[in-house]
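K.L.:
Quick one: this structure, given as structure tokens, is what I'll be asking you about.
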Number of protein chains: 2
Amino acid sequence: MSVAADMEQMAARAKEASRALAAAPGAAKDAFLAALADLLASRRQDVLAANAKDIEAARAAGMDAPRLDRLTLTPAVMDAMADACRQIIALPDPVGAIEAARPRPNGLLVGRMRVPLGVICMIYESRPNVTIDAAILCLKAGNAVILKGGSEALASNMALAGLLRQALAAAGLPQDAAQLVPTADRAAVAALCKLDQYIDVIIPRGGEGLIRAVVSQATMPVLKHFKGVCHAYVDEGANEDRAVTVVVNAKAQRPGVCNALECLLVHVRAAPGCLPRLGAALRQAGVELRACPRALTLLGSLARPAAPEDFGREFHDLILAVKIVDSMDDALDHIHRYGSNHTEVILTENHDRAMEFLRRADASMVGVNCSTRFNDGGELGLGAEIGISTSKLHSYGPMGLTELTSAKFVVLGQGQVRG
Amino acid sequence: MSVAADMEQMAARAKEASRALAAAPGAAKDAFLAALADLLASRRQDVLAANAKDIEAARAAGMDAPRLDRLTLTPAVMDAMADACRQIIALPDPVGAIEAARPRPNGLLVGRMRVPLGVICMIYESRPNVTIDAAILCLKAGNAVILKGGSEALASNMALAGLLRQALAAAGLPQDAAQLVPTADRAAVAALCKLDQYIDVIIPRGGEGLIRAVVSQATMPVLKHFKGVCHAYVDEGANEDRAVTVVVNAKAQRPGVCNALECLLVHVRAAPGCLPRLGAALRQAGVELRACPRALTLLGSLARPAAPEDFGREFHDLILAVKIVDSMDDALDHIHRYGSNHTEVILTENHDRAMEFLRRADASMVGVNCSTRFNDGGELGLGAEIGISTSKLHSYGPMGLTELTSAKFVVLGQGQVRG
């Protein structure tokens with residue numbers, strides 16, 4: 001049979017299973033998660049053996065060290081997957097929740113009830129733990145999930161998907177609620193992208209190339225998690241101690257992630273006092289500074305000149321672009337031009353400017369006097385997250401359980417009709 | 001210049017204008033709406049003259065009567081557009097609203113602030129009043145809008161778009177926040193569908209052919225308003241008086257709209273008592289009944305046999321499909337198979353089944369003991385609406401001002417960093 005026909009059958013089975021998942025009580029979904037946590041411990045050796053095969057093949061094919069590292073499952077990663085299951089058990093079931101219901105003048109009570117999205121297709125690259133981490137969030141939110149991992153992780157993903165299906169069966173839920181695409185054939189993605197009668201949304205996780213390929217082919221909505229080019233703006237009169245603490249944390253605490261700082265903007269009147277201190281602290285944290293000409297005169301040997309392409313760049317490393325601006329308007333213009341709608345923060349003591357920055361900076365998280373690193377589902381109180389959306393449709397920012405649902409109108413009447 | 005290049009310039013201007021709209025205070029947006037309401041009165045003759053040209057050309061081209069009717073602007077329609085402006089002035093500005101903000105253990109205060117979507121592209125057919133009705137909702141929600149109406153209404157739409165731009169200028173807002181595609185060239189739609197760097201969302205309003213064409217081409221999210229195949233399920237033990245009142249209203253009060261009833265499902269034990277009364281009342285309201293074999297034995301000469309294709313059909317007319325089911329499960333299966341995720345209601349006196357139907361029926365509005373006709377932005381308390389979304393991403397059900405926005409995370413700190 002063709003890959004396209006296989007994908008269509010898989011998607012049709014997912015749609016059918018999604019009805020049972022949508023109606024499943026929270027207890028059944030939590031029983032699935034508990035069973036999965038147990039299987040991730042008891043069947044650990046099987047999964048690690050499958051992973052060893054993937055690693056061997058990847059090594060033989062000459063895969064580089066960082067990618068090999070991402071491909072590798074360790075006992076610690078297996079433990080983390082089981083912990084994730086237990087953490088999600090602790091989160092309330094979003095499905096069926098009615099956040100508010102209000103009476104209309106005619107006596108109808110109108111509310112919105114959370115409902116699953118339906119069938120979610122995850123398309124992702126190397127890391128096999130995404131197979132578990134993404135699936136368990138989708139399933140707890142009452143959705144069926146189709147998983148398409150990287151070809152280099154196929155054996156690992158097959159082993160993990162087997163555990164997902166075994167745990168679903170143990171909880172009395174349909175196994176087809178979690179299906180892994182069992183082929184490395186690239187035609188599978190193209191076929192999935194056209195099945196909008198079965199698949200409600202596609203979530204690609206990986207490089208910009210993967211995301212653009214999915215967006216250009218998909219006939220259903222795509223939830224995009226693009227790059228994070230995050231800025232911190234140090235305002236005139238900002239508290240210097242705070243600025244130093246926050247900026248160093250934002251850049252250096254974990255430089256390889258999407259909510260790490262990539263560009264520091266400093267008000268021209270804050271710069272003489274603040275920038276040498278900031279520069280020294282950042283250098284001490286091992287950060288390379290690439291500065292605009294005006295910043296360079298204040299930073300001296302602490303920095304080197306920035307190239308034009310250093311602005312708007314996601315370094316993913318201990319490197320920071322630095323620029324002096326003449327006003328908050330200039331900072332906002334720079335962010336508008338170079339930002340990626342991910343995370344923008346201001347350091348200020350002035351209330352009016354704090355509130356104006358909050359309103360005008362266009363990003364999935366805008367912060368006042370805090371690190372960019374807080375743009376994270378756990379830190380913002382959502383519990384686990386499936387990624388951070390940097391486009392505004394459906395969800396903007398970290399997507400937790402609630403963001404993997406929709407809401408329908410529910411209307412309770414006593415025989416009302418329209419006049 | 002090519003149409004594609006024209007569209008790209010238009011979209012780039014819209015993106016630029018969307019920044020000013022996003023930052024505009026509510027007072028400026030309301031001043032625009034007031035100016036527009038005045039222009040729709042003072043410049044009425046210009047608009048009607050442009051419309052007369054469209055009508056003359058359409059008539060010469062042999063347009064049928066219903067489409068001519070939809071194309072025609074009358075003084076009453078002009079009044080209704082001006083009234084819509086005044087009604088939207090009365091609605092609160094959604095932009096900048098923070099519905100709730102909660103403290104985290106580390107003292108950060110985390111909320112979500114409503115922000116505009118950015119640039120909305122409306123693609124619609126015959127009715128020129130959509131030019132005003134859609135634009136004013138998008139603009140009050142802080143978005144820029146690109147309008148692509150039907151070629152047969154081009155002169156009317158140009159006249160109306162001129163008033164939009166004049167009113168924007170009068171309120172000190174950028175005219176490019178409302179732009180009409182000034183050509184009937186079909187290549188314009190294809191070009192717009194590819195401009196995802198400027199256009200945040202496309203909303204097609206029209207037949208299924210238009211919607212499918214946009215969905216298959218668009219690289220940005222599409223908010224779809226498909227057909228309404230709405231059901232009412234009369235449960236065992238339902239109050240018969242209520243059932244008759246609600247079902248007749250749902251079908252006959254305005255049969256040509258998407259929230260009108262298209263199929264009546266009756267529990268087999270409710271049918272003997274209820275169906276003859278329902279049939280008689282519906283016939284009296286002028287409704288043609290197309291019944292399944294079992295219903296036919298109870299309805300006799302009141303009905304004629306349903307063809308298979310009468311189920312799942314949007315009649316848009318005084319015609320109703322009728323079917324007897326053995327249980328609520330059967331009713332839900334029928335709705336799952338034939339429904340269009342628009343509006344489903346149950347008539348019941350039983351609380352458990354009311355709540356189960358509410359939970360399990362998958363539609364943008366699910367009602368208990370009320371008419372399907374309540375699935376409407378005004379009736380549900382949203383104020384004006386731009387349409388009813390029958391897909392779950394971003395918004396499910398009527399879309400009012402709030403649904404034309406997104407929400408970003410806002411985080412207020414005192415120097416917090418991540419450990």
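Residues are named by chain letter and number: chains run A, B, ... in the order of the structure tokens, numbers start at 1 in each chain, and ligands are numbered from 1 in the order shown.
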List as JSON lines every residue of chain B that is in contact with chain A, defined as an atom at most 8 Å from one of its atoms (using only C-alpha atoms), together with the nearest atom pair and the distance in Å rounded to one decimal, sorted by chain and then rising number.
P.N.:
{"residue": "B:Ala22", "atom": "CA", "partner": "A:Arg360", "partner_atom": "CA", "distance": 7.9}
{"residue": "B:Ala23", "atom": "CA", "partner": "A:Arg360", "partner_atom": "CA", "distance": 6.6}
{"residue": "B:Gly96", "atom": "CA", "partner": "A:Arg359", "partner_atom": "CA", "distance": 6.7}
{"residue": "B:Arg104", "atom": "CA", "partner": "A:Gly381", "partner_atom": "CA", "distance": 7.2}
{"residue": "B:Val110", "atom": "CA", "partner": "A:Leu380", "partner_atom": "CA", "distance": 6.6}
{"residue": "B:Leu117", "atom": "CA", "partner": "A:Lys392", "partner_atom": "CA", "distance": 6.1}
{"residue": "B:Asp200", "atom": "CA", "partner": "A:Lys392", "partner_atom": "CA", "distance": 7.8}
{"residue": "B:Val201", "atom": "CA", "partner": "A:Leu393", "partner_atom": "CA", "distance": 7.6}
{"residue": "B:Val215", "atom": "CA", "partner": "A:Thr219", "partner_atom": "CA", "distance": 5.8}
{"residue": "B:Ser216", "atom": "CA", "partner": "A:Thr219", "partner_atom": "CA", "distance": 5.5}
{"residue": "B:Gln217", "atom": "CA", "partner": "A:Thr219", "partner_atom": "CA", "distance": 7.9}
{"residue": "B:Ala218", "atom": "CA", "partner": "A:Thr219", "partner_atom": "CA", "distance": 7.8}
{"residue": "B:Thr219", "atom": "CA", "partner": "A:Ser216", "partner_atom": "CA", "distance": 5.5}
{"residue": "B:Met220", "atom": "CA", "partner": "A:Val215", "partner_atom": "CA", "distance": 7.7}
{"residue": "B:Pro221", "atom": "CA", "partner": "A:Pro221", "partner_atom": "CA", "distance": 5.6}
{"residue": "B:Val222", "atom": "CA", "partner": "A:Pro221", "partner_atom": "CA", "distance": 7.4}
{"residue": "B:Arg242", "atom": "CA", "partner": "A:Gly415", "partner_atom": "CA", "distance": 5.4}
{"residue": "B:Ala243", "atom": "CA", "partner": "A:Gly415", "partner_atom": "CA", "distance": 7.7}
{"residue": "B:Thr245", "atom": "CA", "partner": "A:Val417", "partner_atom": "CA", "distance": 7.4}
{"residue": "B:Val246", "atom": "CA", "partner": "A:Val417", "partner_atom": "CA", "distance": 5.8}
{"residue": "B:Asn249", "atom": "CA", "partner": "A:Val417", "partner_atom": "CA", "distance": 6.1}
{"residue": "B:Ala250", "atom": "CA", "partner": "A:Val417", "partner_atom": "CA", "distance": 7.6}
{"residue": "B:Gln253", "atom": "CA", "partner": "A:Arg418", "partner_atom": "CA", "distance": 7.7}
{"residue": "B:Leu358", "atom": "CA", "partner": "A:Val410", "partner_atom": "CA", "distance": 6.8}
{"residue": "B:Arg359", "atom": "CA", "partner": "A:Gly96", "partner_atom": "CA", "distance": 6.7}
{"residue": "B:Arg360", "atom": "CA", "partner": "A:Ala23", "partner_atom": "CA", "distance": 6.6}
{"residue": "B:Ala363", "atom": "CA", "partner": "A:Lys408", "partner_atom": "CA", "distance": 6.8}
{"residue": "B:Ser364", "atom": "CA", "partner": "A:Lys408", "partner_atom": "CA", "distance": 4.9}
{"residue": "B:Met365", "atom": "CA", "partner": "A:Phe409", "partner_atom": "CA", "distance": 4.5}
{"residue": "B:Val366", "atom": "CA", "partner": "A:Val410", "partner_atom": "CA", "distance": 5.0}
{"residue": "B:Gly367", "atom": "CA", "partner": "A:Val411", "partner_atom": "CA", "distance": 4.5}
{"residue": "B:Val368", "atom": "CA", "partner": "A:Leu412", "partner_atom": "CA", "distance": 5.0}
{"residue": "B:Asn369", "atom": "CA", "partner": "A:Gly415", "partner_atom": "CA", "distance": 4.8}
{"residue": "B:Cys370", "atom": "CA", "partner": "A:Gln416", "partner_atom": "CA", "distance": 4.8}
{"residue": "B:Ser371", "atom": "CA", "partner": "A:Val417", "partner_atom": "CA", "distance": 5.2}
{"residue": "B:Arg373", "atom": "CA", "partner": "A:Arg418", "partner_atom": "CA", "distance": 6.6}
{"residue": "B:Phe374", "atom": "CA", "partner": "A:Arg418", "partner_atom": "CA", "distance": 7.0}
{"residue": "B:Leu380", "atom": "CA", "partner": "A:Val110", "partner_atom": "CA", "distance": 6.6}
{"residue": "B:Gly381", "atom": "CA", "partner": "A:Arg104", "partner_atom": "CA", "distance": 7.2}
{"residue": "B:Lys392", "atom": "CA", "partner": "A:Ser406", "partner_atom": "CA", "distance": 5.7}
{"residue": "B:Leu393", "atom": "CA", "partner": "A:His394", "partner_atom": "CA", "distance": 5.6}
{"residue": "B:His394", "atom": "CA", "partner": "A:His394", "partner_atom": "CA", "distance": 3.4}
{"residue": "B:Ser395", "atom": "CA", "partner": "A:His394", "partner_atom": "CA", "distance": 7.0}
{"residue": "B:Tyr396", "atom": "CA", "partner": "A:Lys408", "partner_atom": "CA", "distance": 5.8}
{"residue": "B:Gly397", "atom": "CA", "partner": "A:Lys408", "partner_atom": "CA", "distance": 6.6}
{"residue": "B:Ser406", "atom": "CA", "partner": "A:Lys392", "partner_atom": "CA", "distance": 5.7}
{"residue": "B:Ala407", "atom": "CA", "partner": "A:Tyr396", "partner_atom": "CA", "distance": 6.3}
{"residue": "B:Lys408", "atom": "CA", "partner": "A:Ser364", "partner_atom": "CA", "distance": 4.8}
{"residue": "B:Phe409", "atom": "CA", "partner": "A:Met365", "partner_atom": "CA", "distance": 4.5}
{"residue": "B:Val410", "atom": "CA", "partner": "A:Val366", "partner_atom": "CA", "distance": 5.0}
{"residue": "B:Val411", "atom": "CA", "partner": "A:Gly367", "partner_atom": "CA", "distance": 4.5}
{"residue": "B:Leu412", "atom": "CA", "partner": "A:Val368", "partner_atom": "CA", "distance": 5.0}
{"residue": "B:Gly413", "atom": "CA", "partner": "A:Asn369", "partner_atom": "CA", "distance": 5.0}
{"residue": "B:Gln414", "atom": "CA", "partner": "A:Asn369", "partner_atom": "CA", "distance": 5.4}
{"residue": "B:Gly415", "atom": "CA", "partner": "A:Asn369", "partner_atom": "CA", "distance": 4.8}
{"residue": "B:Gln416", "atom": "CA", "partner": "A:Cys370", "partner_atom": "CA", "distance": 4.8}
{"residue": "B:Val417", "atom": "CA", "partner": "A:Ser371", "partner_atom": "CA", "distance": 5.2}
{"residue": "B:Arg418", "atom": "CA", "partner": "A:Arg373", "partner_atom": "CA", "distance": 6.6}
{"residue": "B:Gly419", "atom": "CA", "partner": "A:Gln253", "partner_atom": "CA", "distance": 8.0}
K.L.:
Select from segment 213-271 of chain B everything DSSP, run on the backbone, classes as helix (DSSP H, G or I), then give the selection as a PDB file with N, CA and C atoms, in the first residue's frame.
P.N.:
ATOM      1  N   ALA B 213     -10.652  26.753  -1.441  1.00  0.00           N
ATOM      2  CA  ALA B 213      -9.583  27.328  -2.268  1.00  0.00           C
ATOM      3  C   ALA B 213      -8.593  28.098  -1.396  1.00  0.00           C
ATOM      4  N   VAL B 214      -9.106  28.859  -0.432  1.00  0.00           N
ATOM      5  CA  VAL B 214      -8.223  29.627   0.446  1.00  0.00           C
ATOM      6  C   VAL B 214      -7.410  28.686   1.331  1.00  0.00           C
ATOM      7  N   VAL B 215      -8.074  27.684   1.926  1.00  0.00           N
ATOM      8  CA  VAL B 215      -7.385  26.747   2.826  1.00  0.00           C
ATOM      9  C   VAL B 215      -6.241  26.041   2.105  1.00  0.00           C
ATOM     10  N   SER B 216      -6.481  25.654   0.850  1.00  0.00           N
ATOM     11  CA  SER B 216      -5.457  24.865   0.158  1.00  0.00           C
ATOM     12  C   SER B 216      -4.257  25.719  -0.225  1.00  0.00           C
ATOM     13  N   GLN B 217      -4.449  27.038  -0.339  1.00  0.00           N
ATOM     14  CA  GLN B 217      -3.346  27.900  -0.773  1.00  0.00           C
ATOM     15  C   GLN B 217      -2.645  28.634   0.372  1.00  0.00           C
ATOM     16  N   GLU B 240     -43.265  18.033  26.017  1.00  0.00           N
ATOM     17  CA  GLU B 240     -43.704  18.130  24.614  1.00  0.00           C
ATOM     18  C   GLU B 240     -44.007  19.562  24.183  1.00  0.00           C
ATOM     19  N   ASP B 241     -44.577  20.354  25.083  1.00  0.00           N
ATOM     20  CA  ASP B 241     -44.863  21.751  24.725  1.00  0.00           C
ATOM     21  C   ASP B 241     -43.572  22.496  24.376  1.00  0.00           C
ATOM     22  N   ARG B 242     -42.588  22.308  25.270  1.00  0.00           N
ATOM     23  CA  ARG B 242     -41.290  22.932  25.000  1.00  0.00           C
ATOM     24  C   ARG B 242     -40.694  22.447  23.687  1.00  0.00           C
ATOM     25  N   ALA B 243     -40.772  21.137  23.466  1.00  0.00           N
ATOM     26  CA  ALA B 243     -40.177  20.581  22.252  1.00  0.00           C
ATOM     27  C   ALA B 243     -40.803  21.221  21.023  1.00  0.00           C
ATOM     28  N   VAL B 244     -42.128  21.342  21.027  1.00  0.00           N
ATOM     29  CA  VAL B 244     -42.816  21.913  19.867  1.00  0.00           C
ATOM     30  C   VAL B 244     -42.380  23.369  19.668  1.00  0.00           C
ATOM     31  N   THR B 245     -42.390  24.142  20.744  1.00  0.00           N
ATOM     32  CA  THR B 245     -42.036  25.565  20.631  1.00  0.00           C
ATOM     33  C   THR B 245     -40.604  25.738  20.111  1.00  0.00           C
ATOM     34  N   VAL B 246     -39.690  24.973  20.717  1.00  0.00           N
ATOM     35  CA  VAL B 246     -38.268  25.136  20.368  1.00  0.00           C
ATOM     36  C   VAL B 246     -37.994  24.645  18.950  1.00  0.00           C
ATOM     37  N   VAL B 247     -38.521  23.493  18.581  1.00  0.00           N
ATOM     38  CA  VAL B 247     -38.227  22.918  17.267  1.00  0.00           C
ATOM     39  C   VAL B 247     -38.815  23.794  16.153  1.00  0.00           C
ATOM     40  N   VAL B 248     -40.032  24.273  16.343  1.00  0.00           N
ATOM     41  CA  VAL B 248     -40.631  25.140  15.317  1.00  0.00           C
ATOM     42  C   VAL B 248     -39.813  26.426  15.176  1.00  0.00           C
ATOM     43  N   ASN B 249     -39.420  27.005  16.302  1.00  0.00           N
ATOM     44  CA  ASN B 249     -38.599  28.221  16.235  1.00  0.00           C
ATOM     45  C   ASN B 249     -37.277  27.960  15.526  1.00  0.00           C
ATOM     46  N   ALA B 250     -36.638  26.847  15.894  1.00  0.00           N
ATOM     47  CA  ALA B 250     -35.312  26.544  15.339  1.00  0.00           C
ATOM     48  C   ALA B 250     -35.382  26.369  13.831  1.00  0.00           C
ATOM     49  N   LYS B 251     -36.461  25.745  13.356  1.00  0.00           N
ATOM     50  CA  LYS B 251     -36.568  25.492  11.910  1.00  0.00           C
ATOM     51  C   LYS B 251     -37.142  26.676  11.163  1.00  0.00           C
ATOM     52  N   ALA B 252     -38.212  27.274  11.681  1.00  0.00           N
ATOM     53  CA  ALA B 252     -39.039  28.136  10.828  1.00  0.00           C
ATOM     54  C   ALA B 252     -38.845  29.624  11.045  1.00  0.00           C
ATOM     55  N   ALA B 271     -41.362   9.323  20.585  1.00  0.00           N
ATOM     56  CA  ALA B 271     -41.956   9.589  19.267  1.00  0.00           C
ATOM     57  C   ALA B 271     -43.478   9.409  19.208  1.00  0.00           C
TER      58      ALA B 271
END
K.L.:
Separation of atom CA of His225 of chain A and atom CA of Ile388 of chain A, in Å?
P.N.:
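Result for atom CA of His225 of chain A versus atom CA of Ile388 of chain A: 5.5 Å, one decimal.
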K.L.:
I need the residues of segment 239-382 of chain A that end up classed as strand (DSSP E or B) by DSSP on the backbone, written out as an NGL selection string.
P.N.:
:A and (261-267 or 288-291 or 303-305 or 319-325 or 343-347 or 365-370)
K.L.:
Please compute the atom CA of Glu262 of chain A-atom CA of Asp330 of chain A distance, one decimal, in Å.
P.N.:
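Value for the atom CA of Glu262 of chain A-atom CA of Asp330 of chain A distance: 17.4 Å.
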K.L.:
Please list as a PyMOL selection string every residue within 10 Å of Arg294 of chain A, counting only C-alpha atoms and excluding residues in the same chain fewer than 6 positions away.
P.N.:
chain A and resi 268+271+305+322-325
K.L.:
Please write the residues from the selection above to a file, keeping N, CA and C atoms, as a PDB file, in the first residue's frame.
P.N.:
ATOM      1  N   VAL A 268      20.657  55.710  26.428  1.00  0.00           N
ATOM      2  CA  VAL A 268      21.901  56.475  26.315  1.00  0.00           C
ATOM      3  C   VAL A 268      22.281  57.157  27.632  1.00  0.00           C
ATOM      4  N   ALA A 271      23.583  54.386  30.114  1.00  0.00           N
ATOM      5  CA  ALA A 271      24.773  53.645  29.690  1.00  0.00           C
ATOM      6  C   ALA A 271      26.061  54.011  30.429  1.00  0.00           C
ATOM      7  N   PRO A 305      33.522  44.924  18.167  1.00  0.00           N
ATOM      8  CA  PRO A 305      32.447  45.560  17.385  1.00  0.00           C
ATOM      9  C   PRO A 305      31.425  44.537  16.879  1.00  0.00           C
ATOM     10  N   VAL A 322      25.018  44.116  21.924  1.00  0.00           N
ATOM     11  CA  VAL A 322      24.764  45.237  22.837  1.00  0.00           C
ATOM     12  C   VAL A 322      24.568  46.502  22.011  1.00  0.00           C
ATOM     13  N   LYS A 323      23.533  47.281  22.343  1.00  0.00           N
ATOM     14  CA  LYS A 323      23.287  48.503  21.577  1.00  0.00           C
ATOM     15  C   LYS A 323      22.771  49.606  22.493  1.00  0.00           C
ATOM     16  N   ILE A 324      23.242  50.810  22.259  1.00  0.00           N
ATOM     17  CA  ILE A 324      22.724  51.976  22.988  1.00  0.00           C
ATOM     18  C   ILE A 324      21.608  52.610  22.167  1.00  0.00           C
ATOM     19  N   VAL A 325      20.513  52.940  22.832  1.00  0.00           N
ATOM     20  CA  VAL A 325      19.369  53.568  22.149  1.00  0.00           C
ATOM     21  C   VAL A 325      19.071  54.900  22.823  1.00  0.00           C
TER      22      VAL A 325
END
K.L.:
With only C-alpha atoms as the counted atoms, please give the residues lying no more than 12 Å from Ala159 of chain B, apart from itself and same-chain residues fewer than 4 positions off, as number ranges by chain.
P.N.:
B: 39-40, 43-54, 73, 128-129, 131-132, 153-155, 163-166, 179-180, 182
K.L.:
Taking C-alpha atoms for each residue, export the selection above as a short mmCIF file (atom, residue, chain, number, x, y, z; two decimals), in the first residue's frame.
P.N.:
data_model
loop_
_atom_site.label_atom_id
_atom_site.label_comp_id
_atom_site.auth_asym_id
_atom_site.auth_seq_id
_atom_site.Cartn_x
_atom_site.Cartn_y
_atom_site.Cartn_z
CA LEU B 39 -20.06 59.53 6.50
CA LEU B 40 -22.39 56.60 5.83
CA ARG B 43 -22.12 60.33 1.62
CA ARG B 44 -24.97 57.89 1.11
CA GLN B 45 -25.79 59.08 -2.41
CA ASP B 46 -22.23 58.46 -3.63
CA VAL B 47 -22.31 54.92 -2.34
CA LEU B 48 -25.74 54.18 -3.77
CA ALA B 49 -24.64 55.59 -7.14
CA ALA B 50 -21.60 53.27 -7.18
CA ASN B 51 -23.84 50.38 -6.20
CA ALA B 52 -26.23 51.20 -9.03
CA LYS B 53 -23.35 50.78 -11.49
CA ASP B 54 -22.52 47.35 -10.05
CA LEU B 73 -27.50 48.41 -1.11
CA PRO B 128 -20.97 44.88 -0.10
CA ASN B 129 -22.04 45.68 3.48
CA THR B 131 -16.86 45.71 3.66
CA ILE B 132 -18.06 47.87 6.55
CA ALA B 153 -19.39 44.52 -6.06
CA LEU B 154 -16.12 46.29 -6.84
CA ALA B 155 -17.55 49.79 -7.41
CA LEU B 163 -15.35 56.15 3.57
CA LEU B 164 -13.38 53.80 5.84
CA ARG B 165 -10.13 55.54 4.94
CA GLN B 166 -11.64 59.00 5.29
CA GLN B 179 -7.27 48.64 2.32
CA LEU B 180 -9.50 47.21 -0.37
CA PRO B 182 -8.85 47.28 -6.09
#
K.L.:
Expressed in Å to a single decimal, how great is the separation between atom CA of Leu320 of chain B and atom CA of Asp64 of chain B?
P.N.:
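Computing it gives 25.8 Å between the two atoms.
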K.L.:
Could you name the residues that touch Ser18 of chain A at 7 Å or less, counting only C-alpha atoms, but leaving out those on the same chain fewer than 5 positions away, as a PDB file with N, CA and C atoms, in the first residue's frame?
P.N.:
ATOM      1  N   GLY A 118      -8.913  17.491  19.301  1.00  0.00           N
ATOM      2  CA  GLY A 118      -9.252  16.350  18.440  1.00  0.00           C
ATOM      3  C   GLY A 118      -8.043  15.486  18.182  1.00  0.00           C
ATOM      4  N   VAL A 119      -7.469  15.615  16.981  1.00  0.00           N
ATOM      5  CA  VAL A 119      -6.272  14.845  16.617  1.00  0.00           C
ATOM      6  C   VAL A 119      -5.115  15.826  16.410  1.00  0.00           C
ATOM      7  N   ASN A 143      -6.813  14.581  23.649  1.00  0.00           N
ATOM      8  CA  ASN A 143      -6.607  14.470  22.210  1.00  0.00           C
ATOM      9  C   ASN A 143      -5.987  13.130  21.835  1.00  0.00           C
ATOM     10  N   ALA A 144      -6.248  12.674  20.616  1.00  0.00           N
ATOM     11  CA  ALA A 144      -5.453  11.608  20.031  1.00  0.00           C
ATOM     12  C   ALA A 144      -4.221  12.250  19.404  1.00  0.00           C
ATOM     13  N   ALA A 177      -5.209   5.965  20.047  1.00  0.00           N
ATOM     14  CA  ALA A 177      -5.071   7.363  20.481  1.00  0.00           C
ATOM     15  C   ALA A 177      -3.621   7.823  20.425  1.00  0.00           C
TER      16      ALA A 177
END
K.L.:
Between B:Asp38, B:Glu16, B:Glu309, B:Asp83, which one has atoms that come closest to Asp133 of chain B, using only C-alpha atoms?
P.N.:
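For Asp133 of chain B, the nearest of the given residues is B:Asp83.
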K.L.:
Can you pull out the residues contacting Pro272 of chain A? Cut-off 10 Å, using only C-alpha atoms, and skip same-chain residues under 4 positions away; I want them as a short mmCIF file (atom, residue, chain, number, x, y, z; two decimals) with N, CA and C atoms, in the first residue's frame.
P.N.:
data_model
loop_
_atom_site.label_atom_id
_atom_site.label_comp_id
_atom_site.auth_asym_id
_atom_site.auth_seq_id
_atom_site.Cartn_x
_atom_site.Cartn_y
_atom_site.Cartn_z
N VAL A 266 20.45 49.54 25.85
CA VAL A 266 20.64 50.39 27.02
C VAL A 266 20.36 51.84 26.64
N HIS A 267 19.56 52.51 27.48
CA HIS A 267 19.25 53.92 27.24
C HIS A 267 20.55 54.74 27.32
N VAL A 268 20.66 55.71 26.43
CA VAL A 268 21.90 56.48 26.31
C VAL A 268 22.28 57.16 27.63
N PRO A 276 29.45 49.82 31.83
CA PRO A 276 30.72 49.20 32.25
C PRO A 276 30.49 48.12 33.31
N ARG A 277 29.59 48.34 34.26
CA ARG A 277 29.30 47.32 35.27
C ARG A 277 28.69 46.07 34.63
N ALA A 295 28.31 51.90 22.28
CA ALA A 295 28.53 51.03 23.44
C ALA A 295 30.00 50.66 23.55
N THR A 297 32.57 52.47 22.96
CA THR A 297 33.38 53.50 23.62
C THR A 297 33.30 53.36 25.14
N LEU A 298 32.16 52.83 25.65
CA LEU A 298 32.02 52.65 27.10
C LEU A 298 32.58 51.32 27.57
N LEU A 299 32.52 50.32 26.70
CA LEU A 299 32.94 48.97 27.11
C LEU A 299 34.43 48.73 26.88
#
K.L.:
Identify which of the residues B:Glu99, B:Ala28, B:Cys121, B:Glu152 lies closest to Arg67 of chain B, counting only C-alpha atoms when measuring atom-to-atom distances.
P.N.:
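Of all the options, B:Glu152 lies closest to Arg67 of chain B.
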K.L.:
Between A:Met399, A:Leu36, A:Ala280, A:Ala178, which one has atoms that come closest to Gly300 of chain A, using only C-alpha atoms?
P.N.:
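So, comparing all the options, the nearest one is A:Ala280.
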K.L.:
Looking at B:Ala4, B:Ile386, B:Leu33, B:Ile98, which one is nearest to Ala190 of chain B, with distances taken over only C-alpha atoms?
P.N.:
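Closest to Ala190 of chain B, using only C-alpha atoms: B:Ala4.
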